[in-house]
Amino acid sequence: MAKPFLSVERLTQTYPDAAGGETTVFENASFGIERGEFVCILGHSGCGKSTIMNILAGLASPTSGVVTMDGAEVSGPSLDRGVVFQNYSLLPWLSALKNVSFGVQARHKDWSKVDVEAHSRKYLAMVGLEGDVVLRKPSQLSGGMRQRVSIARAFANQPKLLLLDEPFGALDALTRGTIQEELLKVWSQTEQTVFMITHDIDEAILLADRILLMTNGPYARVAESVQITIPRPRNRTEIVEHPNYYPIRNHLVQFLGQRSKVLSGQPSGGETQTPETVVIDKTKPAGGPEPEARLRAVND
Amino acid sequence: MPQLSINQRGALLSVVILIVGLLFWEAAIPPQQLATEMTEYERLMGGGSPRAAIPPPSDIFAKAWEELSNPFYDAGPNDKGIGIQIGYSIYRVLSGYLLAAAVAIPLGFLIGMSPVAYRALNPYIQVLRPISPLAWMPLALFVIRDSEASAIFVIFICSIWPMLLNTAFGVAGVRKDWVNVARTHELGAVRTAFQVILPAAAPTIVTGMRISIGIAWLVIVAAEMLVGGTGIGYYVWNEWNNLDLTSVIFSILMIGIVGMALDSAFGALQRVVAYAE
Ligand SMILES: Nc1ncnc2c1ncn2[C@@H]1O[C@H](COP(=O)(O)OP(=O)(O)O)[C@@H](O)[C@H]1O
Ligand SMILES: [Mg+2]
């Protein structure tokens with residue numbers, strides 16, 4: 001079988017603990033992401049999501065295991081992997097526009113200033129920031145606007161993989177909703193591969209092609225890979241009408257509420273830990289063709 | 001009457017305090033005492049000379065007018081205009097200060113970036129920093145054998161510490177997220193230093209530079225009293241030897257004004273590099 005576009009193989013992360021021993025955050029975790037896919041990872045705080053993301057970004061190296069992207073091993077940060085951090089991490093002494101063009105300039109060293117600015121403005125406009133507002137410093141922007149700038153910076157660089165760590169965690173619900181839709185819009189125009197961490201179930205269903213579910217740590221596992229069987233384009237108001245919405249949502253709630261605890265704390269015993277694929281589709285007639293033998297149908 | 005702003009009211013009160021203060025001062029100076037009415041001590045201290053008493057402000061204004069209307073005259077080693085004397089002092093301060101900045105800022109970067117360098121150099125910094133800069137003077141004079149260069153060395157050694165420590169502190173405290181932004185954009189070490197770390201640490205660095213220039217200006221007066229020759233410090237000392245208290249008070253005022261100007265220049269620089277998070 002051909003390797004997926006992004007392939008995570010037997011990733012293990014341990015940290016020394018206070019008692020002088022070791023805590024294993026996760027062990028032998030393996031999963032893949034296909035090109036153009038939008039994958040969300042859901043799990044309780046502290047289970048190791050950010051750790052995984054920093055490894056994918058190349059900002060941290062795992063205790064053991066490898067990550068390959070497009071056939072090449074990830075061994076450090078790269079312009080091919082754009083990152084949007086939870087706290088926006090805009091450079092506060094630069095205007096919104098300069099924050100984006102800073103990245104574009106780094107990517108396209110041969111571009112003229114005019115080209116860099118035009119390209120940056122185009123991506124800022126995609127997230128609804130136009131005119132004089134882009135000349136403001138981050139401190140003069142609302143939290144939502146800052147995160148838009150951060151998203152524009154990441155998309156403007158057209159990385160092969162976009163990593164988002166709880167990008168909307170600090171925003172109020174209304175702003176979050178608008179930016180989620182903007183993110184979807186930009187994403188559908190760019191066919192970007194996205195890996196996003198979130199702790200918001202509805203956000204994950206709205207955005208993702210697939211949701212990875214993580215159990216609690218220590219010895220956290222990426223236990224399930226849930227397909228979001230809801231066609232695109234999606235929007236927040238219509239998506240809840242879809243017959244698959246609540247079955248999927250209930251499955252996720254049930255996992256996070258119960259099974260994430262039950263399944264936690266189990267060492268892998270050296271086994272490769274791959275997530276189990278879950279397909280929930282109420283639109284198919286019962287007894288319809290099973291997509292793959294390994295899949296487990298969930299009927300709740 | 002329209003309500004005055006806080007600034008206007010403050011300025012008004014400032015002027016009132018100045019006028020009242022000067023009037024009291026003027027009124028408190030007794031008319032010249034007769035030499036016969038003086039005590040033995042007063043006579044010995046130069047009470048016999050009409051200029052030996054604390055002068056009233058009017059004399060000082062007259063002196064200031066006279067000096068400032070021709071600040072750059074040069075009539076031999078002991079009689080130079082106040083502008084020339086201040087010029088010498090500023091030249092020494094800036095030479096020593098710029099040398100110190102050229103050492104302190106790169107070294108501070110190194111210490112801020114590398115915990116090993118920090119641990120290796122910290123003991124030396126801690127021992128050298130509390131030494132009064134003037135304590136270096138004899139050693140400097142002996143080793144350098146030049147009073148001019150020794151004064152500059154003393155300025156160098158006193159202005160290096162706040163810049164060094166603040167640079168190290170500022171660089172070490174740069175948010176990891178911003179460094180990660182540089183890393184994910186594949187900026188090299190030099191670009192990261194200039195485009196991310198320097199602007200991020202600039203407010204702290206400039207604060208250190210502002211403290212340093214203040215200390216340097218404090219120290220130059222004392223250093224020039226010791227080495228003599230030229231400079232505002234020497235001028236104060238020389239006028240004291242001449243028992244010209246009017247000139248002493250005038251030059252004290254000038255020291256304050258130049259110090260304030262240096263400080264506000266760095267205050268302006270601080271506003272340029274400041275950013276809000
Ligand atoms: N540098 C570190 N040293 C020790 N433990 C760490 C370190 N970084 C993270 N951890 C631990 O690893 C676990 C996973 O952290 P993290 O990936 O940030 O979780 P999440 O993003 O899912 O909330 C947490 O229990 C955290 O305490
Ligand atoms: Mg996290």
# chains A, B, ... in the order shown; residues from 1 in each chain; ligands from 1
call {"tool": "residues_around", "arguments": {"residues": "stretch 15-26 of chain B", "least_positions_apart": "3", "cutoff": "6 Å", "atoms": "only C-alpha atoms", "output": "list of chain:residue names"}}
result
B:Leu12, B:Ile29, B:Pro56, B:Pro57
call {"tool": "residues_around", "arguments": {"residues": "stretch 7-10 of chain A", "least_positions_apart": "5", "cutoff": "8 Å", "atoms": "only C-alpha atoms", "output": "MDAnalysis selection string"}}
result
chainID A and resid 27:33 64:69 272:273
call {"tool": "residues_near_ligand", "arguments": {"ligand": "ligand 1", "cutoff": "6 Å", "atoms": "only C-alpha atoms and all ligand atoms", "output": "PyMOL selection string"}}
result
chain A and resi 15+25+45-51
call {"tool": "closest_atom_pairs", "arguments": {"of": "chain A", "to": "ligand 2", "cutoff": "12 Å", "atoms": "only C-alpha atoms and all ligand atoms", "output": "tab-separated table"}}
result
residue	atom	partner	partner_atom_place_in_ligand_line	distance
A:Ile41	CA	ligand 2	1 (Mg)	11.0
A:Leu42	CA	ligand 2	1 (Mg)	10.6
A:Gly43	CA	ligand 2	1 (Mg)	9.7
A:His44	CA	ligand 2	1 (Mg)	9.2
A:Ser45	CA	ligand 2	1 (Mg)	6.6
A:Gly46	CA	ligand 2	1 (Mg)	6.8
A:Cys47	CA	ligand 2	1 (Mg)	8.4
A:Gly48	CA	ligand 2	1 (Mg)	7.1
A:Lys49	CA	ligand 2	1 (Mg)	5.7
A:Ser50	CA	ligand 2	1 (Mg)	4.2
A:Thr51	CA	ligand 2	1 (Mg)	7.4
A:Ile52	CA	ligand 2	1 (Mg)	9.4
A:Met53	CA	ligand 2	1 (Mg)	8.8
A:Asn54	CA	ligand 2	1 (Mg)	9.8
A:Phe85	CA	ligand 2	1 (Mg)	9.6
A:Gln86	CA	ligand 2	1 (Mg)	8.4
A:Asn87	CA	ligand 2	1 (Mg)	11.0
A:Leu164	CA	ligand 2	1 (Mg)	10.5
A:Asp165	CA	ligand 2	1 (Mg)	6.8
A:Glu166	CA	ligand 2	1 (Mg)	7.2
A:Pro167	CA	ligand 2	1 (Mg)	10.4
A:Gly169	CA	ligand 2	1 (Mg)	10.1
A:Met196	CA	ligand 2	1 (Mg)	11.0
A:Ile197	CA	ligand 2	1 (Mg)	7.8
A:Thr198	CA	ligand 2	1 (Mg)	8.7
A:His199	CA	ligand 2	1 (Mg)	9.4
call {"tool": "interface_residues", "arguments": {"of": "chain B", "to": "chain A", "cutoff": "7 Å", "atoms": "only C-alpha atoms", "output": "list of chain:residue names"}}
result
B:Asp177, B:Trp178, B:Arg183, B:Thr184, B:His185, B:Glu186, B:Tyr275, B:Ala276, B:Glu277
call {"tool": "write_last_selection", "arguments": {"atoms": "all heavy atoms", "output": "PDB file, in the first residue's frame"}}
result
ATOM      1  N   ASP B 177       6.929  31.712  21.088  1.00  0.00           N
ATOM      2  CA  ASP B 177       6.061  31.701  19.903  1.00  0.00           C
ATOM      3  C   ASP B 177       6.659  32.502  18.759  1.00  0.00           C
ATOM      4  O   ASP B 177       6.566  32.114  17.606  1.00  0.00           O
ATOM      5  CB  ASP B 177       4.707  32.328  20.249  1.00  0.00           C
ATOM      6  CG  ASP B 177       3.905  31.444  21.164  1.00  0.00           C
ATOM      7  OD1 ASP B 177       4.114  30.231  21.115  1.00  0.00           O
ATOM      8  OD2 ASP B 177       3.075  31.976  21.922  1.00  0.00           O
ATOM      9  N   TRP B 178       7.250  33.644  19.096  1.00  0.00           N
ATOM     10  CA  TRP B 178       7.805  34.497  18.037  1.00  0.00           C
ATOM     11  C   TRP B 178       9.031  33.844  17.429  1.00  0.00           C
ATOM     12  O   TRP B 178       9.244  33.923  16.216  1.00  0.00           O
ATOM     13  CB  TRP B 178       8.136  35.889  18.586  1.00  0.00           C
ATOM     14  CG  TRP B 178       6.950  36.600  19.145  1.00  0.00           C
ATOM     15  CD1 TRP B 178       5.646  36.344  18.829  1.00  0.00           C
ATOM     16  CD2 TRP B 178       6.925  37.649  20.118  1.00  0.00           C
ATOM     17  NE1 TRP B 178       4.820  37.176  19.546  1.00  0.00           N
ATOM     18  CE2 TRP B 178       5.578  37.988  20.342  1.00  0.00           C
ATOM     19  CE3 TRP B 178       7.917  38.347  20.810  1.00  0.00           C
ATOM     20  CZ2 TRP B 178       5.194  38.982  21.239  1.00  0.00           C
ATOM     21  CZ3 TRP B 178       7.535  39.336  21.700  1.00  0.00           C
ATOM     22  CH2 TRP B 178       6.185  39.648  21.911  1.00  0.00           C
ATOM     23  N   ARG B 183      11.214  30.237  13.055  1.00  0.00           N
ATOM     24  CA  ARG B 183      11.658  28.895  12.667  1.00  0.00           C
ATOM     25  C   ARG B 183      10.775  28.316  11.574  1.00  0.00           C
ATOM     26  O   ARG B 183      11.274  27.746  10.610  1.00  0.00           O
ATOM     27  CB  ARG B 183      11.658  27.961  13.883  1.00  0.00           C
ATOM     28  CG  ARG B 183      12.714  28.346  14.928  1.00  0.00           C
ATOM     29  CD  ARG B 183      12.652  27.414  16.121  1.00  0.00           C
ATOM     30  NE  ARG B 183      13.023  26.053  15.763  1.00  0.00           N
ATOM     31  CZ  ARG B 183      12.696  24.983  16.479  1.00  0.00           C
ATOM     32  NH1 ARG B 183      11.989  25.109  17.584  1.00  0.00           N
ATOM     33  NH2 ARG B 183      13.088  23.792  16.096  1.00  0.00           N
ATOM     34  N   THR B 184       9.445  28.458  11.722  1.00  0.00           N
ATOM     35  CA  THR B 184       8.569  27.871  10.706  1.00  0.00           C
ATOM     36  C   THR B 184       8.671  28.631   9.384  1.00  0.00           C
ATOM     37  O   THR B 184       8.260  28.122   8.353  1.00  0.00           O
ATOM     38  CB  THR B 184       7.090  27.841  11.156  1.00  0.00           C
ATOM     39  OG1 THR B 184       6.706  29.146  11.569  1.00  0.00           O
ATOM     40  CG2 THR B 184       6.881  26.878  12.300  1.00  0.00           C
ATOM     41  N   HIS B 185       9.220  29.836   9.414  1.00  0.00           N
ATOM     42  CA  HIS B 185       9.440  30.549   8.152  1.00  0.00           C
ATOM     43  C   HIS B 185      10.877  30.376   7.653  1.00  0.00           C
ATOM     44  O   HIS B 185      11.307  31.108   6.763  1.00  0.00           O
ATOM     45  CB  HIS B 185       9.091  32.026   8.303  1.00  0.00           C
ATOM     46  CG  HIS B 185       7.618  32.264   8.361  1.00  0.00           C
ATOM     47  ND1 HIS B 185       6.908  32.265   9.537  1.00  0.00           N
ATOM     48  CD2 HIS B 185       6.699  32.487   7.383  1.00  0.00           C
ATOM     49  CE1 HIS B 185       5.629  32.478   9.280  1.00  0.00           C
ATOM     50  NE2 HIS B 185       5.471  32.617   7.991  1.00  0.00           N
ATOM     51  N   GLU B 186      11.580  29.441   8.267  1.00  0.00           N
ATOM     52  CA  GLU B 186      12.952  29.121   7.849  1.00  0.00           C
ATOM     53  C   GLU B 186      13.852  30.342   7.783  1.00  0.00           C
ATOM     54  O   GLU B 186      14.670  30.483   6.873  1.00  0.00           O
ATOM     55  CB  GLU B 186      12.952  28.423   6.480  1.00  0.00           C
ATOM     56  CG  GLU B 186      12.361  27.024   6.534  1.00  0.00           C
ATOM     57  CD  GLU B 186      12.478  26.308   5.179  1.00  0.00           C
ATOM     58  OE1 GLU B 186      13.444  26.570   4.457  1.00  0.00           O
ATOM     59  OE2 GLU B 186      11.588  25.495   4.880  1.00  0.00           O
ATOM     60  N   TYR B 275       6.260  48.495  21.673  1.00  0.00           N
ATOM     61  CA  TYR B 275       5.105  47.888  21.022  1.00  0.00           C
ATOM     62  C   TYR B 275       4.168  47.382  22.096  1.00  0.00           C
ATOM     63  O   TYR B 275       4.585  47.084  23.205  1.00  0.00           O
ATOM     64  CB  TYR B 275       5.526  46.757  20.090  1.00  0.00           C
ATOM     65  CG  TYR B 275       6.313  45.654  20.752  1.00  0.00           C
ATOM     66  CD1 TYR B 275       5.681  44.623  21.429  1.00  0.00           C
ATOM     67  CD2 TYR B 275       7.711  45.641  20.700  1.00  0.00           C
ATOM     68  CE1 TYR B 275       6.403  43.621  22.047  1.00  0.00           C
ATOM     69  CE2 TYR B 275       8.439  44.645  21.306  1.00  0.00           C
ATOM     70  CZ  TYR B 275       7.785  43.633  21.977  1.00  0.00           C
ATOM     71  OH  TYR B 275       8.496  42.643  22.588  1.00  0.00           O
ATOM     72  N   ALA B 276       2.898  47.324  21.768  1.00  0.00           N
ATOM     73  CA  ALA B 276       1.919  46.793  22.705  1.00  0.00           C
ATOM     74  C   ALA B 276       1.582  45.379  22.282  1.00  0.00           C
ATOM     75  O   ALA B 276       1.448  45.104  21.101  1.00  0.00           O
ATOM     76  CB  ALA B 276       0.666  47.657  22.689  1.00  0.00           C
ATOM     77  N   GLU B 277       1.481  44.472  23.253  1.00  0.00           N
ATOM     78  CA  GLU B 277       1.163  43.089  22.904  1.00  0.00           C
ATOM     79  C   GLU B 277      -0.333  42.893  22.797  1.00  0.00           C
ATOM     80  O   GLU B 277      -1.078  43.483  23.532  1.00  0.00           O
ATOM     81  CB  GLU B 277       1.728  42.143  23.947  1.00  0.00           C
ATOM     82  CG  GLU B 277       3.164  41.795  23.629  1.00  0.00           C
ATOM     83  CD  GLU B 277       3.692  40.709  24.561  1.00  0.00           C
ATOM     84  OE1 GLU B 277       2.990  39.693  24.722  1.00  0.00           O
ATOM     85  OE2 GLU B 277       4.776  40.900  25.108  1.00  0.00           O
TER      86      GLU B 277
END
